file work-v1.tsv (TSV, N, CA and C atoms)
chain	number	residue	atom	x	y	z
A	9	MET	N	-39.32	50.26	-6.10
A	9	MET	CA	-40.45	49.36	-5.99
A	9	MET	C	-40.30	48.15	-6.92
A	10	LYS	N	-39.74	48.37	-8.12
A	10	LYS	CA	-39.57	47.25	-9.04
A	10	LYS	C	-38.60	46.22	-8.49
A	11	LEU	N	-37.53	46.69	-7.86
A	11	LEU	CA	-36.56	45.77	-7.27
A	11	LEU	C	-37.21	44.97	-6.15
A	12	LEU	N	-38.04	45.63	-5.36
A	12	LEU	CA	-38.73	44.95	-4.27
A	12	LEU	C	-39.64	43.85	-4.81
A	13	ARG	N	-40.30	44.13	-5.92
A	13	ARG	CA	-41.18	43.12	-6.52
A	13	ARG	C	-40.42	41.93	-7.09
A	14	GLN	N	-39.15	42.13	-7.38
A	14	GLN	CA	-38.33	41.06	-7.94
A	14	GLN	C	-37.35	40.50	-6.92
A	15	LEU	N	-37.62	40.72	-5.65
A	15	LEU	CA	-36.72	40.26	-4.60
A	15	LEU	C	-36.57	38.74	-4.60
A	16	ASP	N	-37.61	38.03	-5.02
A	16	ASP	CA	-37.52	36.58	-5.11
A	16	ASP	C	-36.48	36.16	-6.15
A	17	VAL	N	-36.42	36.86	-7.25
A	17	VAL	CA	-35.43	36.55	-8.29
A	17	VAL	C	-34.03	36.93	-7.80
A	18	VAL	N	-33.94	38.04	-7.08
A	18	VAL	CA	-32.65	38.44	-6.50
A	18	VAL	C	-32.17	37.35	-5.55
A	19	LEU	N	-33.07	36.79	-4.75
A	19	LEU	CA	-32.71	35.71	-3.84
A	19	LEU	C	-32.18	34.51	-4.61
A	20	LEU	N	-32.78	34.19	-5.74
A	20	LEU	CA	-32.28	33.09	-6.57
A	20	LEU	C	-30.84	33.36	-7.01
A	21	LEU	N	-30.59	34.57	-7.44
A	21	LEU	CA	-29.24	34.93	-7.88
A	21	LEU	C	-28.24	34.88	-6.73
A	22	LEU	N	-28.66	35.35	-5.56
A	22	LEU	CA	-27.77	35.33	-4.41
A	22	LEU	C	-27.54	33.90	-3.90
A	23	ALA	N	-28.46	33.01	-4.19
A	23	ALA	CA	-28.32	31.62	-3.74
A	23	ALA	C	-27.24	30.87	-4.51
A	24	LEU	N	-26.95	31.30	-5.74
A	24	LEU	CA	-25.95	30.59	-6.54
A	24	LEU	C	-24.58	30.54	-5.86
A	25	PRO	N	-24.03	31.67	-5.40
A	25	PRO	CA	-22.74	31.57	-4.71
A	25	PRO	C	-22.81	30.73	-3.43
A	26	VAL	N	-23.94	30.75	-2.75
A	26	VAL	CA	-24.11	29.93	-1.55
A	26	VAL	C	-24.05	28.46	-1.93
A	27	PHE	N	-24.73	28.09	-3.00
A	27	PHE	CA	-24.71	26.71	-3.48
A	27	PHE	C	-23.29	26.29	-3.85
A	28	ILE	N	-22.56	27.19	-4.50
A	28	ILE	CA	-21.20	26.86	-4.93
A	28	ILE	C	-20.28	26.70	-3.73
A	29	VAL	N	-20.30	27.67	-2.81
A	29	VAL	CA	-19.42	27.63	-1.64
A	29	VAL	C	-19.75	26.45	-0.74
A	30	ALA	N	-21.04	26.19	-0.54
A	30	ALA	CA	-21.46	25.09	0.34
A	30	ALA	C	-21.41	23.74	-0.37
A	31	GLU	N	-21.02	23.73	-1.62
A	31	GLU	CA	-20.95	22.52	-2.43
A	31	GLU	C	-22.27	21.76	-2.46
A	32	LEU	N	-23.35	22.53	-2.58
A	32	LEU	CA	-24.68	21.93	-2.75
A	32	LEU	C	-24.86	21.60	-4.22
A	33	PRO	N	-25.73	20.65	-4.53
A	33	PRO	CA	-25.92	20.26	-5.93
A	33	PRO	C	-26.47	21.42	-6.77
A	34	LEU	N	-25.72	21.79	-7.79
A	34	LEU	CA	-26.15	22.89	-8.66
A	34	LEU	C	-27.40	22.53	-9.45
A	35	LEU	N	-27.66	21.24	-9.61
A	35	LEU	CA	-28.89	20.82	-10.27
A	35	LEU	C	-30.11	21.34	-9.50
A	36	GLY	N	-30.04	21.32	-8.19
A	36	GLY	CA	-31.15	21.84	-7.37
A	36	GLY	C	-31.36	23.32	-7.60
A	37	TRP	N	-30.26	24.08	-7.63
A	37	TRP	CA	-30.37	25.52	-7.86
A	37	TRP	C	-30.90	25.79	-9.26
A	38	ALA	N	-30.34	25.12	-10.25
A	38	ALA	CA	-30.73	25.37	-11.64
A	38	ALA	C	-32.20	25.01	-11.88
A	39	ALA	N	-32.62	23.87	-11.39
A	39	ALA	CA	-34.00	23.43	-11.60
A	39	ALA	C	-34.98	24.39	-10.94
A	40	THR	N	-34.70	24.78	-9.71
A	40	THR	CA	-35.59	25.71	-9.02
A	40	THR	C	-35.59	27.06	-9.72
A	41	SER	N	-34.44	27.53	-10.13
A	41	SER	CA	-34.36	28.83	-10.80
A	41	SER	C	-35.14	28.83	-12.11
A	42	ILE	N	-34.94	27.80	-12.91
A	42	ILE	CA	-35.65	27.72	-14.19
A	42	ILE	C	-37.16	27.61	-13.97
A	43	ALA	N	-37.57	26.75	-13.05
A	43	ALA	CA	-39.00	26.58	-12.79
A	43	ALA	C	-39.61	27.86	-12.22
A	44	TRP	N	-38.87	28.54	-11.35
A	44	TRP	CA	-39.40	29.76	-10.73
A	44	TRP	C	-39.57	30.87	-11.78
A	45	ILE	N	-38.56	31.03	-12.63
A	45	ILE	CA	-38.65	32.06	-13.68
A	45	ILE	C	-39.77	31.70	-14.66
A	46	ALA	N	-39.89	30.43	-15.01
A	46	ALA	CA	-40.96	30.00	-15.92
A	46	ALA	C	-42.33	30.26	-15.32
A	47	GLN	N	-42.49	29.96	-14.03
A	47	GLN	CA	-43.81	30.17	-13.43
A	47	GLN	C	-44.12	31.66	-13.29
A	48	LYS	N	-43.09	32.49	-13.09
A	48	LYS	CA	-43.33	33.94	-13.03
A	48	LYS	C	-43.73	34.48	-14.40
A	49	ALA	N	-43.13	33.95	-15.46
A	49	ALA	CA	-43.51	34.36	-16.82
A	49	ALA	C	-44.94	33.92	-17.11
A	50	LEU	N	-45.28	32.70	-16.71
A	50	LEU	CA	-46.64	32.21	-16.88
A	50	LEU	C	-47.63	33.06	-16.10
A	51	GLN	N	-47.27	33.44	-14.89
A	51	GLN	CA	-48.12	34.30	-14.07
A	51	GLN	C	-48.37	35.63	-14.76
A	52	ALA	N	-47.34	36.26	-15.26
A	52	ALA	CA	-47.48	37.56	-15.93
A	52	ALA	C	-48.38	37.44	-17.16
A	53	PHE	N	-48.17	36.38	-17.94
A	53	PHE	CA	-48.99	36.17	-19.14
A	53	PHE	C	-50.46	35.98	-18.76
A	54	LEU	N	-50.72	35.10	-17.79
A	54	LEU	CA	-52.11	34.81	-17.43
A	54	LEU	C	-52.77	35.99	-16.72
A	55	GLU	N	-52.02	36.78	-15.98
A	55	GLU	CA	-52.60	37.97	-15.36
A	55	GLU	C	-52.99	39.00	-16.42
A	56	ARG	N	-52.17	39.14	-17.47
A	56	ARG	CA	-52.53	40.05	-18.56
A	56	ARG	C	-53.79	39.56	-19.27
A	57	ARG	N	-53.86	38.24	-19.50
A	57	ARG	CA	-55.06	37.68	-20.14
A	57	ARG	C	-56.29	37.88	-19.26
A	58	ALA	N	-56.14	37.65	-17.96
A	58	ALA	CA	-57.26	37.80	-17.05
A	58	ALA	C	-57.74	39.25	-17.01
A	59	ALA	N	-56.81	40.19	-17.05
A	59	ALA	CA	-57.17	41.61	-16.99
A	59	ALA	C	-57.99	42.03	-18.22
A	60	GLN	N	-57.84	41.32	-19.31
A	60	GLN	CA	-58.59	41.64	-20.53
A	60	GLN	C	-60.00	41.06	-20.52
A	61	GLU	N	-60.26	40.16	-19.61
A	61	GLU	CA	-61.56	39.49	-19.56
A	61	GLU	C	-62.62	40.38	-18.93
A	62	GLU	N	-63.78	40.40	-19.55
A	62	GLU	CA	-64.91	41.13	-18.98
A	62	GLU	C	-65.80	40.20	-18.16
A	63	ASP	N	-65.76	38.93	-18.48
A	63	ASP	CA	-66.56	37.93	-17.77
A	63	ASP	C	-65.83	37.54	-16.48
A	64	ALA	N	-66.48	37.70	-15.35
A	64	ALA	CA	-65.86	37.42	-14.06
A	64	ALA	C	-65.47	35.95	-13.93
A	65	ARG	N	-66.28	35.05	-14.47
A	65	ARG	CA	-65.94	33.63	-14.37
A	65	ARG	C	-64.66	33.31	-15.12
A	66	ARG	N	-64.49	33.89	-16.30
A	66	ARG	CA	-63.26	33.66	-17.06
A	66	ARG	C	-62.06	34.31	-16.37
A	67	PHE	N	-62.28	35.50	-15.79
A	67	PHE	CA	-61.21	36.16	-15.04
A	67	PHE	C	-60.72	35.26	-13.91
A	68	PHE	N	-61.66	34.79	-13.09
A	68	PHE	CA	-61.27	33.94	-11.97
A	68	PHE	C	-60.75	32.58	-12.44
A	69	GLY	N	-61.21	32.12	-13.59
A	69	GLY	CA	-60.68	30.89	-14.17
A	69	GLY	C	-59.21	31.04	-14.52
A	70	PHE	N	-58.86	32.16	-15.13
A	70	PHE	CA	-57.45	32.42	-15.45
A	70	PHE	C	-56.62	32.51	-14.18
A	71	MET	N	-57.14	33.22	-13.18
A	71	MET	CA	-56.37	33.42	-11.96
A	71	MET	C	-56.21	32.10	-11.19
A	72	ALA	N	-57.28	31.32	-11.10
A	72	ALA	CA	-57.19	30.03	-10.40
A	72	ALA	C	-56.30	29.07	-11.17
A	73	GLY	N	-56.46	29.05	-12.48
A	73	GLY	CA	-55.62	28.19	-13.31
A	73	GLY	C	-54.15	28.56	-13.19
A	74	SER	N	-53.89	29.85	-13.10
A	74	SER	CA	-52.52	30.32	-12.93
A	74	SER	C	-51.93	29.82	-11.62
A	75	LEU	N	-52.67	29.97	-10.56
A	75	LEU	CA	-52.19	29.56	-9.24
A	75	LEU	C	-51.94	28.06	-9.18
A	76	ILE	N	-52.88	27.29	-9.68
A	76	ILE	CA	-52.75	25.83	-9.64
A	76	ILE	C	-51.64	25.36	-10.58
A	77	GLY	N	-51.63	25.87	-11.79
A	77	GLY	CA	-50.63	25.45	-12.77
A	77	GLY	C	-49.21	25.80	-12.35
A	78	ARG	N	-49.03	26.99	-11.80
A	78	ARG	CA	-47.70	27.41	-11.37
A	78	ARG	C	-47.23	26.58	-10.19
A	79	SER	N	-48.13	26.26	-9.28
A	79	SER	CA	-47.77	25.42	-8.13
A	79	SER	C	-47.35	24.04	-8.59
A	80	TRP	N	-48.10	23.46	-9.51
A	80	TRP	CA	-47.77	22.14	-10.02
A	80	TRP	C	-46.45	22.14	-10.78
A	81	LEU	N	-46.20	23.18	-11.55
A	81	LEU	CA	-44.95	23.28	-12.29
A	81	LEU	C	-43.75	23.21	-11.34
A	82	LEU	N	-43.81	23.99	-10.29
A	82	LEU	CA	-42.71	24.03	-9.32
A	82	LEU	C	-42.61	22.70	-8.57
A	83	ALA	N	-43.74	22.18	-8.12
A	83	ALA	CA	-43.72	20.92	-7.37
A	83	ALA	C	-43.21	19.75	-8.21
A	84	LEU	N	-43.66	19.65	-9.44
A	84	LEU	CA	-43.21	18.55	-10.30
A	84	LEU	C	-41.73	18.67	-10.66
A	85	THR	N	-41.27	19.90	-10.79
A	85	THR	CA	-39.84	20.10	-11.05
A	85	THR	C	-39.01	19.60	-9.87
A	86	ILE	N	-39.40	19.97	-8.67
A	86	ILE	CA	-38.69	19.53	-7.47
A	86	ILE	C	-38.76	18.02	-7.35
A	87	PHE	N	-39.92	17.45	-7.61
A	87	PHE	CA	-40.09	16.00	-7.54
A	87	PHE	C	-39.18	15.29	-8.54
A	88	ALA	N	-39.13	15.81	-9.78
A	88	ALA	CA	-38.29	15.19	-10.82
A	88	ALA	C	-36.81	15.27	-10.44
A	89	VAL	N	-36.40	16.40	-9.91
A	89	VAL	CA	-35.01	16.55	-9.49
A	89	VAL	C	-34.71	15.59	-8.34
A	90	GLY	N	-35.66	15.46	-7.42
A	90	GLY	CA	-35.49	14.55	-6.30
A	90	GLY	C	-35.36	13.10	-6.72
A	91	ILE	N	-36.07	12.72	-7.77
A	91	ILE	CA	-35.95	11.36	-8.29
A	91	ILE	C	-34.56	11.16	-8.90
A	92	ALA	N	-34.08	12.18	-9.61
A	92	ALA	CA	-32.77	12.06	-10.25
A	92	ALA	C	-31.64	12.07	-9.23
A	93	ASP	N	-31.79	12.90	-8.19
A	93	ASP	CA	-30.74	13.04	-7.18
A	93	ASP	C	-31.38	13.55	-5.91
A	94	ARG	N	-31.40	12.73	-4.87
A	94	ARG	CA	-32.08	13.09	-3.62
A	94	ARG	C	-31.55	14.38	-3.02
A	95	ASP	N	-30.24	14.53	-2.99
A	95	ASP	CA	-29.65	15.73	-2.40
A	95	ASP	C	-30.02	16.97	-3.21
A	96	ALA	N	-30.02	16.85	-4.52
A	96	ALA	CA	-30.41	17.98	-5.36
A	96	ALA	C	-31.88	18.30	-5.18
A	97	GLY	N	-32.71	17.29	-5.01
A	97	GLY	CA	-34.14	17.50	-4.77
A	97	GLY	C	-34.38	18.23	-3.46
A	98	LEU	N	-33.64	17.84	-2.42
A	98	LEU	CA	-33.77	18.52	-1.14
A	98	LEU	C	-33.32	19.97	-1.24
A	99	ALA	N	-32.19	20.18	-1.90
A	99	ALA	CA	-31.69	21.55	-2.07
A	99	ALA	C	-32.69	22.39	-2.87
A	100	ALA	N	-33.27	21.80	-3.90
A	100	ALA	CA	-34.26	22.50	-4.72
A	100	ALA	C	-35.50	22.85	-3.89
A	101	ALA	N	-35.95	21.92	-3.07
A	101	ALA	CA	-37.14	22.16	-2.24
A	101	ALA	C	-36.89	23.26	-1.22
A	102	VAL	N	-35.75	23.25	-0.58
A	102	VAL	CA	-35.44	24.27	0.43
A	102	VAL	C	-35.33	25.64	-0.24
A	103	LEU	N	-34.67	25.69	-1.39
A	103	LEU	CA	-34.55	26.96	-2.11
A	103	LEU	C	-35.92	27.45	-2.57
A	104	ALA	N	-36.74	26.57	-3.08
A	104	ALA	CA	-38.08	26.96	-3.53
A	104	ALA	C	-38.91	27.48	-2.35
A	105	LEU	N	-38.78	26.84	-1.21
A	105	LEU	CA	-39.50	27.31	-0.02
A	105	LEU	C	-39.04	28.71	0.39
A	106	ALA	N	-37.74	28.94	0.36
A	106	ALA	CA	-37.22	30.27	0.72
A	106	ALA	C	-37.68	31.33	-0.28
A	107	VAL	N	-37.61	31.01	-1.56
A	107	VAL	CA	-38.01	31.97	-2.58
A	107	VAL	C	-39.51	32.24	-2.50
A	108	PHE	N	-40.31	31.20	-2.29
A	108	PHE	CA	-41.75	31.40	-2.17
A	108	PHE	C	-42.09	32.25	-0.95
A	109	THR	N	-41.39	32.03	0.15
A	109	THR	CA	-41.64	32.81	1.37
A	109	THR	C	-41.38	34.28	1.12
A	110	VAL	N	-40.28	34.59	0.44
A	110	VAL	CA	-39.97	35.98	0.12
A	110	VAL	C	-41.03	36.54	-0.83
A	111	TYR	N	-41.39	35.77	-1.84
A	111	TYR	CA	-42.41	36.20	-2.80
A	111	TYR	C	-43.74	36.50	-2.09
A	112	LEU	N	-44.17	35.62	-1.22
A	112	LEU	CA	-45.43	35.80	-0.52
A	112	LEU	C	-45.39	37.03	0.38
A	113	ALA	N	-44.32	37.19	1.13
A	113	ALA	CA	-44.20	38.33	2.03
A	113	ALA	C	-44.22	39.65	1.24
A	114	ILE	N	-43.48	39.70	0.16
A	114	ILE	CA	-43.45	40.92	-0.66
A	114	ILE	C	-44.82	41.17	-1.29
A	115	SER	N	-45.48	40.13	-1.74
A	115	SER	CA	-46.82	40.28	-2.33
A	115	SER	C	-47.79	40.86	-1.32
A	116	LEU	N	-47.74	40.39	-0.09
A	116	LEU	CA	-48.63	40.90	0.94
A	116	LEU	C	-48.30	42.35	1.30
A	117	ILE	N	-47.03	42.65	1.38
A	117	ILE	CA	-46.62	44.02	1.70
A	117	ILE	C	-47.02	44.99	0.59
A	118	MET	N	-46.82	44.59	-0.65
A	118	MET	CA	-47.12	45.47	-1.78
A	118	MET	C	-48.62	45.70	-1.95
A	119	ARG	N	-49.43	44.75	-1.55
A	119	ARG	CA	-50.88	44.90	-1.70
A	119	ARG	C	-51.54	45.59	-0.51
A	120	ALA	N	-50.91	45.59	0.63
A	120	ALA	CA	-51.52	46.16	1.84
A	120	ALA	C	-51.89	47.64	1.68
A	121	PRO	N	-51.00	48.51	1.20
A	121	PRO	CA	-51.38	49.92	1.07
A	121	PRO	C	-52.51	50.13	0.07
A	122	GLN	N	-52.54	49.34	-1.01
A	122	GLN	CA	-53.60	49.48	-1.99
A	122	GLN	C	-54.96	49.17	-1.37
A	123	ASN	N	-55.02	48.08	-0.61
A	123	ASN	CA	-56.28	47.70	0.02
A	123	ASN	C	-56.71	48.75	1.05
A	124	HIS	N	-55.77	49.28	1.80
A	124	HIS	CA	-56.09	50.26	2.82
A	124	HIS	C	-56.63	51.54	2.19
A	125	SER	N	-56.01	52.00	1.11
A	125	SER	CA	-56.46	53.25	0.47
A	125	SER	C	-57.81	53.05	-0.19
A	126	GLU	N	-58.10	51.86	-0.69
A	126	GLU	CA	-59.40	51.61	-1.31
A	126	GLU	C	-60.51	51.64	-0.28
A	127	ARG	N	-60.24	51.14	0.93
A	127	ARG	CA	-61.27	51.12	1.97
A	127	ARG	C	-61.54	52.49	2.53
A	128	THR	N	-60.53	53.36	2.55
A	128	THR	CA	-60.72	54.68	3.13
A	128	THR	C	-61.27	55.68	2.12
A	129	SER	N	-61.30	55.33	0.84
A	129	SER	CA	-61.80	56.26	-0.18
A	129	SER	C	-63.30	56.23	-0.26

call {"tool": "encode", "arguments": {"input": "work-v1.tsv", "output": "structure tokens"}}
result
Amino acid sequence: MKLLRQLDVVLLLLALPVFIVAELPLLGWAATSIAWIAQKALQAFLERRAAQEEDARRFFGFMAGSLIGRSWLLALTIFAVGIADRDAGLAAAVLALAVFTVYLAISLIMRAPQNHSERTS
């Protein structure tokens, strides 16, 4: 289960040889990888903080802030790379889209059984 939850990171690692063989700009891979790992660390930190909150408004504030902040971090990274090198920016954007798609799919799959068991209890 832990490996499944980190499948997005595994995809980042598997993308490196693809970038090298296809001679894609490594700046795109590096920027996306660094931003993705940073946003995952930020997510973990803010989820722990949110879980400690007793006030629902502060809980949802942490969760909403996490979602918005992490999205902006990734988007601004891709934008900055694109300004520096268009090809690297495109490679970074495509990789980020692929990694996010895997992350979203795994998140939905991992949460589905929990929601189902809560409704039937």

call {"tool": "closest_residue", "arguments": {"input": "work-v1.tsv", "among": "A:Gly69, A:Pro25, A:Gly77, A:Gly36", "to": "Ala101 of chain A", "atoms": "only C-alpha atoms"}}
result
A:Gly36

call {"tool": "axis_aligned_box", "arguments": {"input": "work-v1.tsv", "around": "segment 68-84 of chain A", "padding_each_side": "4 Å", "output": "lines of an AutoDock Vina configuration file"}}
result
center_x = -51.7
center_y = 26.7
center_z = -11.4
size_x = 27.9
size_y = 24.2
size_z = 16.1

call {"tool": "residues_around", "arguments": {"input": "work-v1.tsv", "residues": "Ala106 of chain A", "least_positions_apart": "6", "cutoff": "8 Å", "atoms": "only N, CA and C atoms", "output": "ChimeraX atom specification"}}
result
/A:16,19-20,100,112

call {"tool": "atom_distance", "arguments": {"input": "work-v1.tsv", "atom1": "atom CA of Phe53 of chain A", "atom2": "atom CA of Ser74 of chain A"}}
result
9.2 Å

call {"tool": "closest_atom_pairs", "arguments": {"input": "work-v1.tsv", "of": "segment 98-124 of chain A", "to": "segment 82-92 of chain A", "cutoff": "12 Å", "atoms": "only C-alpha atoms", "output": "Markdown table"}}
result
| residue | atom | partner | partner_atom | distance |
| --- | --- | --- | --- | --- |
| A:Leu98 | CA | A:Gly90 | CA | 6.7 |
| A:Ala99 | CA | A:Gly90 | CA | 9.0 |
| A:Ala100 | CA | A:Ile86 | CA | 6.0 |
| A:Ala101 | CA | A:Ile86 | CA | 6.1 |
| A:Val102 | CA | A:Ile86 | CA | 9.8 |
| A:Leu103 | CA | A:Ile86 | CA | 10.1 |
| A:Ala104 | CA | A:Leu82 | CA | 8.0 |
| A:Leu105 | CA | A:Leu82 | CA | 10.4 |
| A:Val107 | CA | A:Leu82 | CA | 11.4 |
| A:Phe108 | CA | A:Leu82 | CA | 10.3 |

call {"tool": "atom_distance", "arguments": {"input": "work-v1.tsv", "atom1": "atom CA of Ile45 of chain A", "atom2": "atom CA of Ser79 of chain A"}}
result
12.6 Å

call {"tool": "atom_distance", "arguments": {"input": "work-v1.tsv", "atom1": "atom C of Glu62 of chain A", "atom2": "atom C of Leu75 of chain A"}}
result
20.5 Å

call {"tool": "closest_residue", "arguments": {"input": "work-v1.tsv", "among": "A:Gln60, A:Ala38, A:Gln51, A:Asp93", "to": "Leu24 of chain A", "atoms": "only N, CA and C atoms"}}
result
A:Ala38

call {"tool": "decode", "arguments": {"input": "work-v1.tsv", "residues": "segment 19-101 of chain A", "atoms": "C-alpha atoms", "output": "mmCIF file, in the first residue's frame"}}
result
data_model
loop_
_atom_site.group_PDB
_atom_site.id
_atom_site.type_symbol
_atom_site.label_atom_id
_atom_site.label_comp_id
_atom_site.auth_asym_id
_atom_site.auth_seq_id
_atom_site.Cartn_x
_atom_site.Cartn_y
_atom_site.Cartn_z
ATOM 1 C CA LEU A 19 6.819 7.799 -11.975
ATOM 2 C CA LEU A 20 9.185 10.738 -11.488
ATOM 3 C CA LEU A 21 12.090 8.350 -11.026
ATOM 4 C CA LEU A 22 11.088 6.292 -14.052
ATOM 5 C CA ALA A 23 10.812 9.464 -16.130
ATOM 6 C CA LEU A 24 14.513 10.280 -15.701
ATOM 7 C CA PRO A 25 15.783 7.540 -18.049
ATOM 8 C CA VAL A 26 13.054 8.480 -20.533
ATOM 9 C CA PHE A 27 14.224 12.101 -20.451
ATOM 10 C CA ILE A 28 17.829 11.004 -20.941
ATOM 11 C CA VAL A 29 17.131 8.560 -23.795
ATOM 12 C CA ALA A 30 14.724 10.926 -25.560
ATOM 13 C CA GLU A 31 17.174 13.807 -25.059
ATOM 14 C CA LEU A 32 14.520 15.930 -23.381
ATOM 15 C CA PRO A 33 15.709 18.895 -21.307
ATOM 16 C CA LEU A 34 16.779 17.618 -17.898
ATOM 17 C CA LEU A 35 15.895 21.025 -16.473
ATOM 18 C CA GLY A 36 12.235 20.142 -17.034
ATOM 19 C CA TRP A 37 12.592 16.837 -15.203
ATOM 20 C CA ALA A 38 14.603 18.333 -12.343
ATOM 21 C CA ALA A 39 12.300 21.311 -11.816
ATOM 22 C CA THR A 40 9.161 19.181 -11.829
ATOM 23 C CA SER A 41 10.729 16.584 -9.547
ATOM 24 C CA ILE A 42 11.921 19.154 -7.023
ATOM 25 C CA ALA A 43 8.616 21.046 -7.057
ATOM 26 C CA TRP A 44 6.595 17.831 -6.788
ATOM 27 C CA ILE A 45 8.616 16.513 -3.834
ATOM 28 C CA ALA A 46 8.452 19.930 -2.149
ATOM 29 C CA GLN A 47 4.690 20.150 -2.558
ATOM 30 C CA LYS A 48 4.268 16.604 -1.195
ATOM 31 C CA ALA A 49 6.337 17.541 1.867
ATOM 32 C CA LEU A 50 4.236 20.683 2.299
ATOM 33 C CA GLN A 51 1.071 18.595 1.972
ATOM 34 C CA ALA A 52 2.213 16.149 4.660
ATOM 35 C CA PHE A 53 3.162 18.981 7.013
ATOM 36 C CA LEU A 54 -0.117 20.867 6.546
ATOM 37 C CA GLU A 55 -2.216 17.701 6.832
ATOM 38 C CA ARG A 56 -0.540 16.932 10.176
ATOM 39 C CA ARG A 57 -1.229 20.497 11.330
ATOM 40 C CA ALA A 58 -4.834 20.295 10.148
ATOM 41 C CA ALA A 59 -5.365 16.992 11.967
ATOM 42 C CA GLN A 60 -4.357 18.682 15.228
ATOM 43 C CA GLU A 61 -6.947 21.422 14.831
ATOM 44 C CA GLU A 62 -10.176 21.208 16.785
ATOM 45 C CA ASP A 63 -11.723 24.221 15.069
ATOM 46 C CA ALA A 64 -13.330 23.171 11.776
ATOM 47 C CA ARG A 65 -12.633 26.548 10.152
ATOM 48 C CA ARG A 66 -8.917 26.288 10.885
ATOM 49 C CA PHE A 67 -8.901 22.666 9.699
ATOM 50 C CA PHE A 68 -10.457 23.601 6.375
ATOM 51 C CA GLY A 69 -8.221 26.672 6.192
ATOM 52 C CA PHE A 70 -5.145 24.458 6.385
ATOM 53 C CA MET A 71 -6.543 22.038 3.828
ATOM 54 C CA ALA A 72 -7.617 24.762 1.383
ATOM 55 C CA GLY A 73 -4.357 26.633 1.861
ATOM 56 C CA SER A 74 -2.467 23.420 1.205
ATOM 57 C CA LEU A 75 -4.317 22.751 -2.030
ATOM 58 C CA ILE A 76 -3.964 26.290 -3.334
ATOM 59 C CA GLY A 77 -0.356 26.758 -2.218
ATOM 60 C CA ARG A 78 0.808 23.438 -3.633
ATOM 61 C CA SER A 79 -0.891 24.119 -6.959
ATOM 62 C CA TRP A 80 0.729 27.535 -7.215
ATOM 63 C CA LEU A 81 4.141 26.136 -6.300
ATOM 64 C CA LEU A 82 4.002 23.629 -9.137
ATOM 65 C CA ALA A 83 2.494 26.064 -11.645
ATOM 66 C CA LEU A 84 5.013 28.827 -10.913
ATOM 67 C CA THR A 85 7.882 26.363 -11.167
ATOM 68 C CA ILE A 86 6.715 25.223 -14.606
ATOM 69 C CA PHE A 87 6.185 28.841 -15.656
ATOM 70 C CA ALA A 88 9.687 29.850 -14.501
ATOM 71 C CA VAL A 89 11.267 26.920 -16.327
ATOM 72 C CA GLY A 90 9.265 27.801 -19.435
ATOM 73 C CA ILE A 91 10.581 31.349 -19.346
ATOM 74 C CA ALA A 92 14.149 30.083 -19.041
ATOM 75 C CA ASP A 93 13.756 27.433 -21.752
ATOM 76 C CA ARG A 94 10.551 26.788 -23.699
ATOM 77 C CA ASP A 95 11.338 23.152 -24.413
ATOM 78 C CA ALA A 96 12.185 22.491 -20.772
ATOM 79 C CA GLY A 97 8.967 24.229 -19.708
ATOM 80 C CA LEU A 98 6.921 22.049 -22.028
ATOM 81 C CA ALA A 99 8.664 18.905 -20.799
ATOM 82 C CA ALA A 100 8.097 20.000 -17.195
ATOM 83 C CA ALA A 101 4.402 20.668 -17.842
#
